[in-house]
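Engineer: One file: protein.tsv (TSV, C-alpha atoms and all ligand atoms).
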chain	number	residue	atom	x	y	z
A	1	MET	CA	-22.56	-14.03	32.19
A	2	LYS	CA	-20.44	-16.83	33.62
A	3	TYR	CA	-22.23	-19.81	32.11
A	4	LYS	CA	-23.17	-19.93	28.46
A	5	GLY	CA	-24.66	-23.40	28.76
A	6	ILE	CA	-26.55	-25.57	31.23
A	7	ILE	CA	-26.31	-29.36	31.03
A	8	PHE	CA	-29.22	-31.05	32.74
A	9	ASP	CA	-29.27	-34.56	34.03
A	10	LEU	CA	-32.71	-35.96	33.18
A	11	ASP	CA	-33.96	-38.59	35.66
A	12	GLY	CA	-34.40	-36.94	39.06
A	13	VAL	CA	-33.80	-33.41	37.76
A	14	LEU	CA	-36.32	-32.73	34.99
A	15	CYS	CA	-38.53	-35.76	35.61
A	16	HIS	CA	-39.17	-38.44	38.18
A	17	THR	CA	-38.77	-41.96	36.87
A	18	ASP	CA	-37.36	-43.50	40.07
A	19	MET	CA	-40.49	-45.51	40.84
A	20	PHE	CA	-40.62	-46.95	37.31
A	21	HIS	CA	-36.96	-48.02	37.57
A	22	TYR	CA	-37.67	-49.48	41.00
A	23	LYS	CA	-40.71	-51.50	39.90
A	24	ALA	CA	-39.03	-52.82	36.76
A	25	TRP	CA	-35.83	-53.86	38.60
A	26	LYS	CA	-37.88	-55.35	41.44
A	27	GLU	CA	-39.58	-57.73	39.00
A	28	ILE	CA	-36.17	-58.87	37.75
A	29	ALA	CA	-34.73	-59.22	41.27
A	30	ASP	CA	-37.75	-61.27	42.38
A	31	ARG	CA	-37.32	-63.52	39.35
A	32	ILE	CA	-33.79	-64.45	40.45
A	33	ASN	CA	-34.58	-64.35	44.18
A	34	THR	CA	-32.30	-61.46	44.96
A	35	PRO	CA	-33.03	-58.83	47.59
A	36	PHE	CA	-33.86	-55.42	46.18
A	37	ASP	CA	-35.35	-52.40	47.88
A	38	GLU	CA	-35.69	-48.66	47.39
A	39	GLU	CA	-32.39	-48.05	49.17
A	40	ILE	CA	-30.54	-50.19	46.62
A	41	ASN	CA	-32.57	-48.49	43.86
A	42	ASN	CA	-31.36	-45.08	45.05
A	43	GLN	CA	-27.77	-46.24	44.60
A	44	LEU	CA	-28.52	-46.82	40.92
A	45	ARG	CA	-29.18	-43.15	40.16
A	46	GLY	CA	-26.99	-41.99	37.31
A	47	VAL	CA	-25.62	-45.52	36.84
A	48	SER	CA	-26.00	-47.23	33.44
A	49	ARG	CA	-28.38	-50.15	32.94
A	50	MET	CA	-25.72	-52.89	32.88
A	51	ASP	CA	-23.77	-51.34	35.78
A	52	SER	CA	-27.06	-51.18	37.69
A	53	LEU	CA	-27.62	-54.89	37.09
A	54	GLU	CA	-24.11	-55.67	38.34
A	55	LYS	CA	-24.79	-53.67	41.51
A	56	ILE	CA	-28.04	-55.60	42.06
A	57	LEU	CA	-26.19	-58.88	41.50
A	58	ALA	CA	-23.76	-58.00	44.30
A	59	ASN	CA	-26.43	-59.50	46.60
A	60	TYR	CA	-27.13	-62.49	44.36
A	61	THR	CA	-26.26	-65.92	45.74
A	62	GLY	CA	-27.74	-68.22	43.06
A	63	GLU	CA	-26.03	-70.09	40.23
A	64	ALA	CA	-23.58	-67.97	38.22
A	65	LEU	CA	-25.22	-66.12	35.32
A	66	SER	CA	-23.76	-66.07	31.82
A	67	ASP	CA	-23.33	-62.81	29.91
A	68	ASP	CA	-26.32	-63.77	27.74
A	69	GLU	CA	-28.48	-64.34	30.80
A	70	LYS	CA	-27.45	-60.97	32.21
A	71	GLU	CA	-28.18	-59.33	28.87
A	72	LYS	CA	-31.66	-60.88	28.91
A	73	LEU	CA	-32.36	-59.65	32.43
A	74	ALA	CA	-31.34	-56.10	31.46
A	75	THR	CA	-33.41	-56.26	28.27
A	76	ASP	CA	-36.48	-57.55	30.11
A	77	LYS	CA	-36.10	-54.83	32.72
A	78	ASN	CA	-35.96	-52.23	29.97
A	79	GLU	CA	-39.06	-53.58	28.23
A	80	ARG	CA	-41.05	-53.30	31.46
A	81	TYR	CA	-39.57	-49.86	32.13
A	82	LYS	CA	-40.51	-48.63	28.65
A	83	GLU	CA	-44.08	-49.90	29.12
A	84	MET	CA	-44.26	-47.76	32.26
A	85	LEU	CA	-42.78	-44.74	30.45
A	86	MET	CA	-45.85	-44.83	28.19
A	87	GLN	CA	-47.82	-43.52	31.19
A	88	MET	CA	-45.79	-40.30	30.98
A	89	SER	CA	-47.21	-37.27	29.22
A	90	THR	CA	-46.90	-33.49	29.05
A	91	GLU	CA	-48.54	-33.55	32.50
A	92	ASP	CA	-45.21	-34.79	33.87
A	93	LEU	CA	-43.61	-31.47	32.97
A	94	THR	CA	-43.86	-29.57	36.23
A	95	PRO	CA	-44.53	-25.81	36.15
A	96	GLN	CA	-41.17	-25.34	37.93
A	97	VAL	CA	-39.20	-27.13	35.22
A	98	ASP	CA	-41.20	-25.40	32.49
A	99	GLU	CA	-40.41	-22.01	34.05
A	100	LEU	CA	-36.69	-22.81	34.41
A	101	LEU	CA	-36.42	-23.82	30.76
A	102	LYS	CA	-38.24	-20.64	29.70
A	103	VAL	CA	-36.06	-18.31	31.80
A	104	THR	CA	-32.89	-20.03	30.63
A	105	LYS	CA	-33.94	-19.69	27.00
A	106	GLU	CA	-34.88	-16.03	27.40
A	107	LEU	CA	-31.39	-15.33	28.71
A	108	GLY	CA	-29.87	-17.01	25.64
A	109	ILE	CA	-28.23	-19.80	27.65
A	110	LYS	CA	-27.75	-22.96	25.60
A	111	MET	CA	-29.33	-26.09	27.01
A	112	ALA	CA	-28.29	-29.72	26.81
A	113	ILE	CA	-29.21	-33.04	28.32
A	114	GLY	CA	-26.41	-35.15	29.83
A	115	SER	CA	-28.05	-38.41	30.87
A	116	SER	CA	-26.86	-42.00	31.38
A	117	SER	CA	-30.22	-43.22	30.09
A	118	ARG	CA	-30.71	-44.78	26.69
A	119	ASN	CA	-34.36	-43.78	26.98
A	120	ALA	CA	-33.68	-40.03	27.30
A	121	ALA	CA	-35.20	-39.08	23.93
A	122	LEU	CA	-38.31	-41.17	24.60
A	123	ILE	CA	-38.83	-39.49	27.99
A	124	LEU	CA	-38.30	-36.00	26.55
A	125	GLU	CA	-40.77	-36.77	23.77
A	126	ARG	CA	-43.38	-38.05	26.22
A	127	MET	CA	-42.97	-34.83	28.23
A	128	GLY	CA	-43.18	-32.72	25.06
A	129	ILE	CA	-39.87	-30.92	25.65
A	130	ILE	CA	-37.44	-32.61	23.27
A	131	ASP	CA	-37.30	-29.52	21.00
A	132	ARG	CA	-36.31	-27.24	23.86
A	133	PHE	CA	-32.72	-28.56	24.01
A	134	ASP	CA	-29.83	-27.62	21.76
A	135	ALA	CA	-28.09	-30.95	22.34
A	136	ILE	CA	-28.87	-34.36	23.79
A	137	ALA	CA	-26.01	-36.55	25.02
A	138	ASP	CA	-27.22	-39.80	26.54
A	139	GLY	CA	-26.41	-43.43	27.25
A	140	ASN	CA	-26.53	-44.26	23.55
A	141	HIS	CA	-23.54	-42.03	22.83
A	142	ILE	CA	-21.06	-43.00	25.52
A	143	THR	CA	-18.99	-45.97	26.67
A	144	ASN	CA	-18.30	-44.84	30.24
A	145	SER	CA	-21.20	-43.92	32.47
A	146	LYS	CA	-21.17	-41.48	35.42
A	147	PRO	CA	-19.06	-40.92	37.57
A	148	ASP	CA	-17.00	-40.79	34.38
A	149	PRO	CA	-17.45	-37.30	32.86
A	150	GLU	CA	-17.84	-38.59	29.27
A	151	VAL	CA	-21.53	-37.72	28.84
A	152	PHE	CA	-21.06	-34.16	30.12
A	153	LEU	CA	-17.94	-33.59	28.03
A	154	LEU	CA	-19.87	-34.77	24.99
A	155	ALA	CA	-22.82	-32.50	25.81
A	156	ALA	CA	-20.47	-29.50	26.17
A	157	GLU	CA	-18.80	-30.36	22.87
A	158	MET	CA	-22.21	-30.59	21.19
A	159	LEU	CA	-23.00	-27.11	22.52
A	160	GLY	CA	-19.61	-25.87	21.30
A	161	LEU	CA	-18.63	-24.72	24.80
A	162	PRO	CA	-15.74	-25.56	27.15
A	163	PRO	CA	-16.64	-27.14	30.52
A	164	SER	CA	-15.73	-23.90	32.33
A	165	GLU	CA	-18.65	-22.17	30.57
A	166	CYS	CA	-21.24	-24.85	31.40
A	167	LEU	CA	-23.15	-25.58	34.59
A	168	VAL	CA	-24.21	-29.19	35.23
A	169	VAL	CA	-27.43	-29.86	37.17
A	170	GLU	CA	-27.48	-33.23	38.95
A	171	ASP	CA	-29.40	-35.22	41.56
A	172	ALA	CA	-27.03	-38.21	41.82
A	173	GLU	CA	-23.74	-38.48	43.68
A	174	ALA	CA	-22.24	-40.26	40.65
A	175	GLY	CA	-23.40	-37.35	38.49
A	176	ALA	CA	-21.95	-34.65	40.74
A	177	GLU	CA	-18.66	-36.57	40.80
A	178	ALA	CA	-18.75	-36.80	37.00
A	179	ALA	CA	-19.28	-33.04	36.75
A	180	ALA	CA	-16.25	-32.36	38.98
A	181	ALA	CA	-14.12	-34.88	37.07
A	182	GLY	CA	-14.94	-33.07	33.83
A	183	GLY	CA	-14.11	-29.62	35.19
A	184	PHE	CA	-17.75	-28.44	35.39
A	185	ASP	CA	-19.41	-26.42	38.14
A	186	CYS	CA	-22.41	-28.30	39.48
A	187	ALA	CA	-25.81	-27.39	40.92
A	188	GLY	CA	-26.99	-30.24	43.12
A	189	ILE	CA	-30.39	-31.52	44.18
A	190	GLY	CA	-30.91	-34.21	46.85
A	191	ASP	CA	-28.15	-36.82	47.12
A	192	ALA	CA	-25.85	-34.89	44.77
A	193	ASN	CA	-25.44	-32.35	47.56
A	194	LYS	CA	-23.44	-34.92	49.54
A	195	VAL	CA	-20.59	-34.30	47.11
A	196	GLU	CA	-18.28	-31.62	48.42
A	197	SER	CA	-17.46	-30.04	45.08
A	198	VAL	CA	-21.11	-29.06	44.40
A	199	LYS	CA	-21.19	-25.28	43.98
A	200	TYR	CA	-24.90	-24.47	44.21
A	201	ARG	CA	-26.90	-26.58	46.67
A	202	LEU	CA	-30.56	-26.51	45.64
A	203	ASN	CA	-33.58	-27.58	47.67
A	204	CYS	CA	-35.65	-27.81	44.53
A	205	ILE	CA	-35.40	-26.89	40.86
A	206	LYS	CA	-37.09	-23.53	41.49
A	207	ASP	CA	-34.00	-22.43	43.43
A	208	LEU	CA	-32.03	-22.69	40.19
A	209	THR	CA	-34.53	-20.48	38.36
A	210	ASP	CA	-34.08	-17.86	41.09
A	211	ILE	CA	-30.28	-18.08	40.82
A	212	VAL	CA	-30.35	-17.84	37.02
A	213	ARG	CA	-32.75	-14.88	37.19
A	214	GLU	CA	-31.23	-12.92	40.02
A	215	ILE	CA	-27.52	-13.23	39.60
A	216	LYS	CA	-27.66	-14.18	35.95
A	217	ILE	CA	-25.13	-16.94	36.38
B	1	LIG	C1	-30.10	-42.79	34.65
B	1	LIG	C2	-30.86	-43.24	35.86
B	1	LIG	O1	-30.59	-41.55	34.21
B	1	LIG	O2	-30.22	-43.72	33.58
B	1	LIG	C3	-30.41	-44.64	36.25
B	1	LIG	O3	-30.63	-42.36	36.94
B	1	LIG	C4	-30.53	-45.58	35.06
B	1	LIG	O4	-31.18	-45.11	37.33
B	1	LIG	C5	-29.74	-45.04	33.89
B	1	LIG	O5	-30.03	-46.88	35.39
B	1	LIG	C6	-29.86	-45.91	32.64
B	1	LIG	O6	-31.18	-45.84	32.19
B	1	LIG	P1	-31.77	-46.66	30.96
B	1	LIG	O7	-33.04	-45.92	30.64
B	1	LIG	O8	-30.78	-46.58	29.83
B	1	LIG	O9	-31.98	-48.06	31.40
B	2	MG	MG	-30.41	-38.27	37.87
Show how you would write the structure in this file as structure tokens.

Structural biologist:
Amino acid sequence: MKYKGIIFDLDGVLCHTDMFHYKAWKEIADRINTPFDEEINNQLRGVSRMDSLEKILANYTGEALSDDEKEKLATDKNERYKEMLMQMSTEDLTPQVDELLKVTKELGIKMAIGSSSRNAALILERMGIIDRFDAIADGNHITNSKPDPEVFLLAAEMLGLPPSECLVVEDAEAGAEAAAAGGFDCAGIGDANKVESVKYRLNCIKDLTDIVREIKI
């Protein structure tokens, strides 16, 4: 078997938190009279909280903000976002993701999370799947967010595997670039498929289950 481990991005791969991020950032952008729409929100996939704020502020024309003010905006966004995460439950685990995790486990493939989010553990707990991963590398453990490969390299290290033996699953361009930069093969969903180096282009997560089952990657 080529891959002994799979490193999953979380947001956009195993769960769908885009709308929560959008609503929480929109409240912040409105507060400082800065344009923000779903297109800008999509560019924040895989990007850390503070880097996301900086990207939003690229359109900001008001009085310069101090570091403390920026910190407060990011903290307020996160508080609103976490309130919304409380709506999540085991019902957010789709049958397709559940099946993929089961098939992967049956084949003895190790599983990790490689996410830029500092809320990864909370989301996994809400979905009732935190115990199904051998390692969780997230925004709390890294200094450089995607497209830097740090989070995936850490996840691989936690699994005790070299990058060449791990497959990364990503939905964000920044994430697919991070996988390539770290020497990982990547399975892409959605925007990640715009990145040339992506090895397996998936239409949906079920495609990965079929690949894992049939050719026992
Ligand atoms: C990523 C999301 O998983 O986590 C990004 O795709 C988000 O949109 C980033 O900005 C950081 O998330 P958090 O939960 O730490 O604010
Ligand atoms: Mg993602």

Engineer: Residues up to 9 Å from ligand LIG 1 (chain B), counting all atoms listed in the file: could you list those as a tab-separated table (two decimals) with C-alpha atoms, in the coordinates of the input?

Structural biologist:
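Produced file result-v2.tsv, reproduced below:
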chain	number	residue	atom	x	y	z
A	9	ASP	CA	-29.27	-34.56	34.03
A	10	LEU	CA	-32.71	-35.96	33.18
A	11	ASP	CA	-33.96	-38.59	35.66
A	12	GLY	CA	-34.40	-36.94	39.06
A	17	THR	CA	-38.77	-41.96	36.87
A	18	ASP	CA	-37.36	-43.50	40.07
A	21	HIS	CA	-36.96	-48.02	37.57
A	22	TYR	CA	-37.67	-49.48	41.00
A	41	ASN	CA	-32.57	-48.49	43.86
A	42	ASN	CA	-31.36	-45.08	45.05
A	43	GLN	CA	-27.77	-46.24	44.60
A	44	LEU	CA	-28.52	-46.82	40.92
A	45	ARG	CA	-29.18	-43.15	40.16
A	46	GLY	CA	-26.99	-41.99	37.31
A	47	VAL	CA	-25.62	-45.52	36.84
A	48	SER	CA	-26.00	-47.23	33.44
A	49	ARG	CA	-28.38	-50.15	32.94
A	50	MET	CA	-25.72	-52.89	32.88
A	51	ASP	CA	-23.77	-51.34	35.78
A	52	SER	CA	-27.06	-51.18	37.69
A	53	LEU	CA	-27.62	-54.89	37.09
A	74	ALA	CA	-31.34	-56.10	31.46
A	75	THR	CA	-33.41	-56.26	28.27
A	77	LYS	CA	-36.10	-54.83	32.72
A	78	ASN	CA	-35.96	-52.23	29.97
A	81	TYR	CA	-39.57	-49.86	32.13
A	82	LYS	CA	-40.51	-48.63	28.65
A	114	GLY	CA	-26.41	-35.15	29.83
A	115	SER	CA	-28.05	-38.41	30.87
A	116	SER	CA	-26.86	-42.00	31.38
A	117	SER	CA	-30.22	-43.22	30.09
A	118	ARG	CA	-30.71	-44.78	26.69
A	119	ASN	CA	-34.36	-43.78	26.98
A	120	ALA	CA	-33.68	-40.03	27.30
A	138	ASP	CA	-27.22	-39.80	26.54
A	139	GLY	CA	-26.41	-43.43	27.25
A	140	ASN	CA	-26.53	-44.26	23.55
A	145	SER	CA	-21.20	-43.92	32.47
A	171	ASP	CA	-29.40	-35.22	41.56
A	172	ALA	CA	-27.03	-38.21	41.82
A	175	GLY	CA	-23.40	-37.35	38.49

Engineer: Could you please give me, as a ChimeraX atom specification, the residues of protein, DNA or RNA lying at most 6 Å from (-31.8, -30.8, 45.4) in the coordinate frame of the file, considering all atoms listed in the file?

Structural biologist: /A:188-190,202-204

Engineer: Give me the residues near Arg132 in chain A as a PyMOL selection string, where near means some atom within 10 Å (using all atoms listed in the file) and where sequence neighbours in that chain fewer than 5 positions away do not count.

Structural biologist: chain A and resi 101-102+105+110-112+124

Engineer: Please provide as a PyMOL selection string all residues within 8 Å of range 25-38 of chain A, with the sequence filter that same-chain residues fewer than 6 positions apart are discarded (counting only C-alpha atoms).

Structural biologist: chain A and resi 56-57+59-62+73+76-77

Engineer: Nearest residue to ligand MG 2 (chain B) out of A:Asp134, A:Glu170, A:Glu177, A:Asp185, using only C-alpha atoms and all ligand atoms?

Structural biologist: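 Once distances to ligand MG 2 (chain B) are computed over only C-alpha atoms and all ligand atoms, the minimum belongs to A:Glu170.
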